[in-house]
$ cat protein-v4.cif   # mmCIF, C-alpha atoms
data_run
#
loop_
_atom_site.label_atom_id
_atom_site.label_comp_id
_atom_site.auth_asym_id
_atom_site.auth_seq_id
_atom_site.Cartn_x
_atom_site.Cartn_y
_atom_site.Cartn_z
CA MET A 1 12.39 0.84 -45.96
CA CYS A 2 8.61 0.73 -46.10
CA SER A 3 6.52 1.53 -43.08
CA SER A 4 5.23 -2.03 -43.16
CA ASP A 5 8.82 -3.21 -42.60
CA LEU A 6 9.14 -1.26 -39.37
CA GLU A 7 8.62 -3.11 -36.15
CA LEU A 8 8.09 -1.33 -32.88
CA ARG A 9 9.34 -3.08 -29.80
CA VAL A 10 8.49 -1.83 -26.38
CA THR A 11 10.08 -3.21 -23.28
CA VAL A 12 8.40 -2.56 -19.98
CA VAL A 13 10.72 -2.74 -17.03
CA THR A 14 9.16 -3.22 -13.63
CA MET A 15 10.99 -2.72 -10.40
CA THR A 16 9.89 -5.25 -7.84
CA ILE A 17 10.10 -3.97 -4.30
CA PRO A 18 11.38 -6.86 -2.17
CA GLU A 19 9.89 -7.82 1.18
CA PRO A 20 11.71 -5.75 3.83
CA THR A 21 13.98 -7.73 6.12
CA ILE A 22 12.73 -6.12 9.31
CA ASP A 23 10.85 -7.12 12.41
CA VAL A 24 7.71 -5.03 12.78
CA PRO A 25 7.37 -4.03 16.42
CA ALA A 26 4.33 -5.36 18.24
CA GLY A 27 1.54 -2.85 17.91
CA ASN A 28 -1.70 -2.14 19.70
CA ALA A 29 -4.63 -2.78 17.32
CA LYS A 30 -7.01 -0.69 19.45
CA LYS A 31 -4.71 2.32 19.14
CA GLY A 32 -4.31 1.47 15.45
CA ALA A 33 -8.09 1.66 14.97
CA LYS A 34 -8.07 5.18 16.42
CA LEU A 35 -5.15 6.16 14.19
CA PHE A 36 -6.95 4.72 11.16
CA LYS A 37 -10.03 6.81 11.94
CA ALA A 38 -7.93 9.96 12.41
CA LYS A 39 -5.43 9.58 9.57
CA CYS A 40 -6.76 7.10 7.01
CA ALA A 41 -10.57 6.99 7.05
CA GLN A 42 -10.93 10.13 4.96
CA CYS A 43 -9.63 8.16 1.96
CA HIS A 44 -9.97 4.47 2.94
CA THR A 45 -12.39 2.03 4.53
CA ALA A 46 -11.25 -0.99 6.52
CA GLU A 47 -14.49 -2.85 7.23
CA LYS A 48 -15.53 -5.96 5.33
CA GLY A 49 -17.39 -4.96 2.19
CA GLY A 50 -16.27 -1.34 2.62
CA ALA A 51 -16.51 0.90 -0.41
CA ALA A 52 -13.65 2.49 -2.25
CA LYS A 53 -13.20 6.17 -1.56
CA GLN A 54 -10.33 8.29 -2.87
CA GLY A 55 -8.21 5.23 -2.03
CA PRO A 56 -8.95 1.50 -2.09
CA PRO A 57 -10.70 -0.40 0.69
CA LEU A 58 -8.15 -1.97 3.02
CA TRP A 59 -10.13 -4.95 4.34
CA GLY A 60 -7.94 -7.97 3.63
CA VAL A 61 -5.05 -5.89 2.32
CA TYR A 62 -2.39 -8.24 3.74
CA GLY A 63 -1.72 -10.94 1.19
CA ARG A 64 -3.13 -8.84 -1.67
CA GLU A 65 -0.93 -7.85 -4.58
CA ALA A 66 -0.49 -4.07 -4.77
CA GLY A 67 -2.58 -2.47 -7.49
CA THR A 68 -5.24 -5.17 -7.44
CA GLY A 69 -8.64 -5.35 -5.85
CA GLU A 70 -11.92 -3.54 -6.24
CA PHE A 71 -10.58 -0.10 -7.01
CA GLY A 72 -10.22 1.36 -10.46
CA ALA A 73 -7.72 4.14 -9.92
CA TYR A 74 -4.46 2.38 -9.00
CA SER A 75 -1.31 4.00 -10.29
CA ASP A 76 0.91 2.13 -12.71
CA ALA A 77 3.57 2.36 -10.00
CA ASN A 78 1.40 0.35 -7.61
CA LYS A 79 0.38 -2.14 -10.28
CA THR A 80 3.98 -2.85 -11.27
CA SER A 81 5.59 -2.68 -7.80
CA GLY A 82 5.52 -6.45 -7.30
CA ILE A 83 4.46 -5.90 -3.69
CA VAL A 84 2.30 -8.43 -1.94
CA TRP A 85 1.13 -6.44 1.05
CA SER A 86 2.38 -7.61 4.42
CA ASP A 87 2.87 -5.90 7.75
CA LYS A 88 6.55 -5.45 6.81
CA HIS A 89 5.77 -3.69 3.53
CA MET A 90 3.03 -1.60 5.13
CA TYR A 91 5.26 -0.59 8.06
CA GLU A 92 7.95 0.69 5.68
CA TYR A 93 5.49 2.15 3.15
CA LEU A 94 3.79 4.27 5.78
CA VAL A 95 7.03 6.15 6.55
CA ASN A 96 6.78 7.91 3.18
CA PRO A 97 4.45 6.34 0.56
CA LYS A 98 5.71 8.48 -2.33
CA LYS A 99 9.31 7.43 -1.65
CA TYR A 100 8.48 3.73 -1.12
CA ILE A 101 6.47 3.44 -4.35
CA VAL A 102 7.69 6.23 -6.60
CA GLY A 103 4.75 7.33 -8.72
CA THR A 104 2.00 6.29 -6.30
CA LYS A 105 -1.11 8.46 -6.26
CA MET A 106 -1.37 8.30 -2.48
CA VAL A 107 -1.22 11.83 -1.11
CA PHE A 108 -0.29 11.00 2.46
CA ALA A 109 2.82 12.59 3.96
CA GLY A 110 3.59 9.51 6.04
CA MET A 111 3.90 8.48 9.67
CA LYS A 112 7.31 8.96 11.22
CA LYS A 113 6.61 7.40 14.63
CA ASP A 114 7.50 3.70 14.72
CA SER A 115 4.88 3.01 17.40
CA GLU A 116 2.06 4.57 15.35
CA ARG A 117 3.01 2.57 12.27
CA ALA A 118 3.18 -0.62 14.36
CA ASP A 119 -0.27 0.13 15.85
CA LEU A 120 -1.77 0.77 12.43
CA CYS A 121 -0.21 -2.42 11.04
CA ALA A 122 -1.63 -4.41 13.96
CA TYR A 123 -5.08 -2.96 13.25
CA LEU A 124 -4.88 -3.76 9.53
CA GLY A 125 -3.80 -7.28 10.46
CA GLN A 126 -7.18 -7.71 12.18
CA CYS A 127 -9.09 -6.37 9.16
CA GLN A 128 -9.40 -9.69 7.36
CA ASP A 129 -11.30 -12.97 7.38
#

$ encode --input "protein-v4.cif" --output "structure tokens"
Amino acid sequence: MCSSDLELRVTVVTMTIPEPTIDVPAGNAKKGAKLFKAKCAQCHTAEKGGAAKQGPPLWGVYGREAGTGEFGAYSDANKTSGIVWSDKHMYEYLVNPKKYIVGTKMVFAGMKKDSERADLCAYLGQCQD
């Protein structure tokens, strides 16, 4: 067989992470803003027109497909997750980002307290047009 007769086929398998079937507890956006400043602002911005830092800007994150937006360093895991960010995805993701999207570059240990995650999700819900 000649090398010109060889055909290479590559199949890329993506694992879509389905929308969680949970009810996100009501959160306090004001508390969420404080949590964002303390736990997220080192790597992310949340204001309109905010710049990318180590992580992507999070203004308008809800409704955005994971791995898209004005940030050039998304992991392949994020790009192929199939996630469209919602409060439900974010609430579950924030428990343990590296477990929720295996292969993510996010180096955040997670938030275990339900109330803190709910507050942060409420804040991010206000960070949009």

$ atom_distance --input "protein-v4.cif" --atom1 "CA of Thr80 (chain A)" --atom2 "CA of Leu35 (chain A)"
28.5 Å

$ closest_residue --input "protein-v4.cif" --among "A:Phe36, A:Phe108, A:Tyr62, A:Tyr93" --to "Leu120 (chain A)" --atoms "only C-alpha atoms"
A:Phe36

$ closest_residue --input "protein-v4.cif" --among "A:Lys112, A:Lys99, A:Lys34, A:Lys79" --to "Leu124 (chain A)" --atoms "only C-alpha atoms"
A:Lys34

$ atom_distance --input "protein-v4.cif" --atom1 "CA of Gly27 (chain A)" --atom2 "CA of Ala122 (chain A)"
5.3 Å

$ closest_residue --input "protein-v4.cif" --among "A:Asp129, A:His89, A:Gly50, A:Gly103" --to "Ser75 (chain A)" --atoms "all atoms listed in the file"
A:Gly103

$ residues_around --input "protein-v4.cif" --residues "Asp87 (chain A)" --least-positions-apart "3" --cutoff "12 Å" --atoms "only C-alpha atoms" --output "PyMOL selection string"
chain A and resi 19-27+60-64+83-84+90-94+117-126

$ atom_distance --input "protein-v4.cif" --atom1 "CA of Trp85 (chain A)" --atom2 "CA of Thr16 (chain A)"
12.5 Å

$ residues_around --input "protein-v4.cif" --residues "Leu58 (chain A)" --least-positions-apart "3" --cutoff "7 Å" --atoms "only C-alpha atoms" --output "list in words"
His44, Thr45, Ala46 and Val61 of chain A

$ closest_residue --input "protein-v4.cif" --among "A:Gly67, A:Glu116, A:Gly55, A:Ser86" --to "Ala38 (chain A)" --atoms "all atoms listed in the file"
A:Glu116

$ residues_around --input "protein-v4.cif" --residues "Tyr74 (chain A)" --least-positions-apart "4" --cutoff "10 Å" --atoms "only C-alpha atoms" --output "ChimeraX atom specification"
/A:55-56,66-70,78-79,104-106

$ axis_aligned_box --input "protein-v4.cif" --around "region 89-96 of chain A" --padding-each-side "6 Å" --output "lines of an AutoDock Vina configuration file"
center_x = 5.5
center_y = 2.1
center_z = 5.6
size_x = 16.9
size_y = 23.6
size_z = 16.9

$ closest_residue --input "protein-v4.cif" --among "A:Ala29, A:Glu65, A:Val102, A:Lys37" --to "Ala77 (chain A)" --atoms "only C-alpha atoms"
A:Val102

$ closest_residue --input "protein-v4.cif" --among "A:Gln128, A:Asn96, A:Ile101, A:Pro57" --to "Cys43 (chain A)" --atoms "all atoms listed in the file"
A:Pro57

$ build_atoms --input "protein-v4.cif" --residues "region 32-43 of chain A" --atoms "all heavy atoms" --output "compact mmCIF listing (two decimals), keeping the file's coordinate frame"
# COMPACT_ATOMS: atom_id res chain seq x y z
N GLY A 32 -4.36 1.42 16.91
CA GLY A 32 -4.31 1.47 15.45
C GLY A 32 -5.66 1.83 14.85
O GLY A 32 -5.73 2.56 13.86
N ALA A 33 -6.75 1.33 15.45
CA ALA A 33 -8.09 1.66 14.97
C ALA A 33 -8.35 3.16 15.11
O ALA A 33 -8.93 3.79 14.21
CB ALA A 33 -9.14 0.86 15.73
N LYS A 34 -7.90 3.73 16.21
CA LYS A 34 -8.07 5.18 16.42
C LYS A 34 -7.22 5.96 15.42
O LYS A 34 -7.67 6.98 14.86
CB LYS A 34 -7.69 5.55 17.85
CG LYS A 34 -8.70 5.09 18.87
CD LYS A 34 -8.28 5.47 20.28
CE LYS A 34 -9.28 4.91 21.30
NZ LYS A 34 -8.86 5.19 22.68
N LEU A 35 -6.01 5.51 15.18
CA LEU A 35 -5.15 6.16 14.19
C LEU A 35 -5.76 6.06 12.79
O LEU A 35 -5.72 7.03 12.02
CB LEU A 35 -3.76 5.51 14.17
CG LEU A 35 -2.82 5.91 15.30
CD1 LEU A 35 -1.64 4.96 15.36
CD2 LEU A 35 -2.35 7.34 15.09
N PHE A 36 -6.32 4.90 12.47
CA PHE A 36 -6.95 4.72 11.16
C PHE A 36 -8.06 5.74 10.99
O PHE A 36 -8.15 6.40 9.95
CB PHE A 36 -7.49 3.29 10.99
CG PHE A 36 -8.03 3.04 9.61
CD1 PHE A 36 -7.20 2.57 8.61
CD2 PHE A 36 -9.36 3.31 9.31
CE1 PHE A 36 -7.68 2.37 7.32
CE2 PHE A 36 -9.85 3.12 8.02
CZ PHE A 36 -9.01 2.65 7.03
N LYS A 37 -8.90 5.87 12.01
CA LYS A 37 -10.03 6.81 11.94
C LYS A 37 -9.52 8.25 11.76
O LYS A 37 -10.07 9.01 10.97
CB LYS A 37 -10.88 6.70 13.19
CG LYS A 37 -12.15 7.52 13.14
CD LYS A 37 -13.04 7.25 14.34
CE LYS A 37 -14.32 8.06 14.23
NZ LYS A 37 -15.19 7.87 15.37
N ALA A 38 -8.45 8.60 12.46
CA ALA A 38 -7.93 9.96 12.41
C ALA A 38 -7.14 10.27 11.15
O ALA A 38 -7.20 11.38 10.63
CB ALA A 38 -7.06 10.21 13.64
N LYS A 39 -6.38 9.29 10.64
CA LYS A 39 -5.43 9.58 9.57
C LYS A 39 -5.73 8.91 8.23
O LYS A 39 -5.17 9.32 7.21
CB LYS A 39 -4.01 9.20 10.01
CG LYS A 39 -3.54 10.00 11.21
CD LYS A 39 -2.10 9.68 11.57
CE LYS A 39 -1.69 10.47 12.78
NZ LYS A 39 -0.51 11.27 12.57
N CYS A 40 -6.58 7.89 8.23
CA CYS A 40 -6.76 7.10 7.01
C CYS A 40 -8.20 7.09 6.49
O CYS A 40 -8.43 6.94 5.28
CB CYS A 40 -6.33 5.66 7.24
SG CYS A 40 -4.72 5.47 8.00
N ALA A 41 -9.17 7.21 7.41
CA ALA A 41 -10.57 6.99 7.05
C ALA A 41 -11.13 8.02 6.08
O ALA A 41 -12.15 7.77 5.44
CB ALA A 41 -11.43 6.94 8.32
N GLN A 42 -10.46 9.14 5.94
CA GLN A 42 -10.93 10.13 4.96
C GLN A 42 -10.84 9.55 3.55
O GLN A 42 -11.68 9.85 2.70
CB GLN A 42 -10.09 11.41 5.06
CG GLN A 42 -10.51 12.48 4.07
CD GLN A 42 -9.71 13.75 4.19
OE1 GLN A 42 -8.98 13.95 5.14
NE2 GLN A 42 -9.83 14.62 3.22
N CYS A 43 -9.86 8.70 3.31
CA CYS A 43 -9.63 8.16 1.96
C CYS A 43 -9.84 6.66 1.83
O CYS A 43 -9.92 6.14 0.71
CB CYS A 43 -8.21 8.48 1.51
SG CYS A 43 -7.87 10.25 1.39
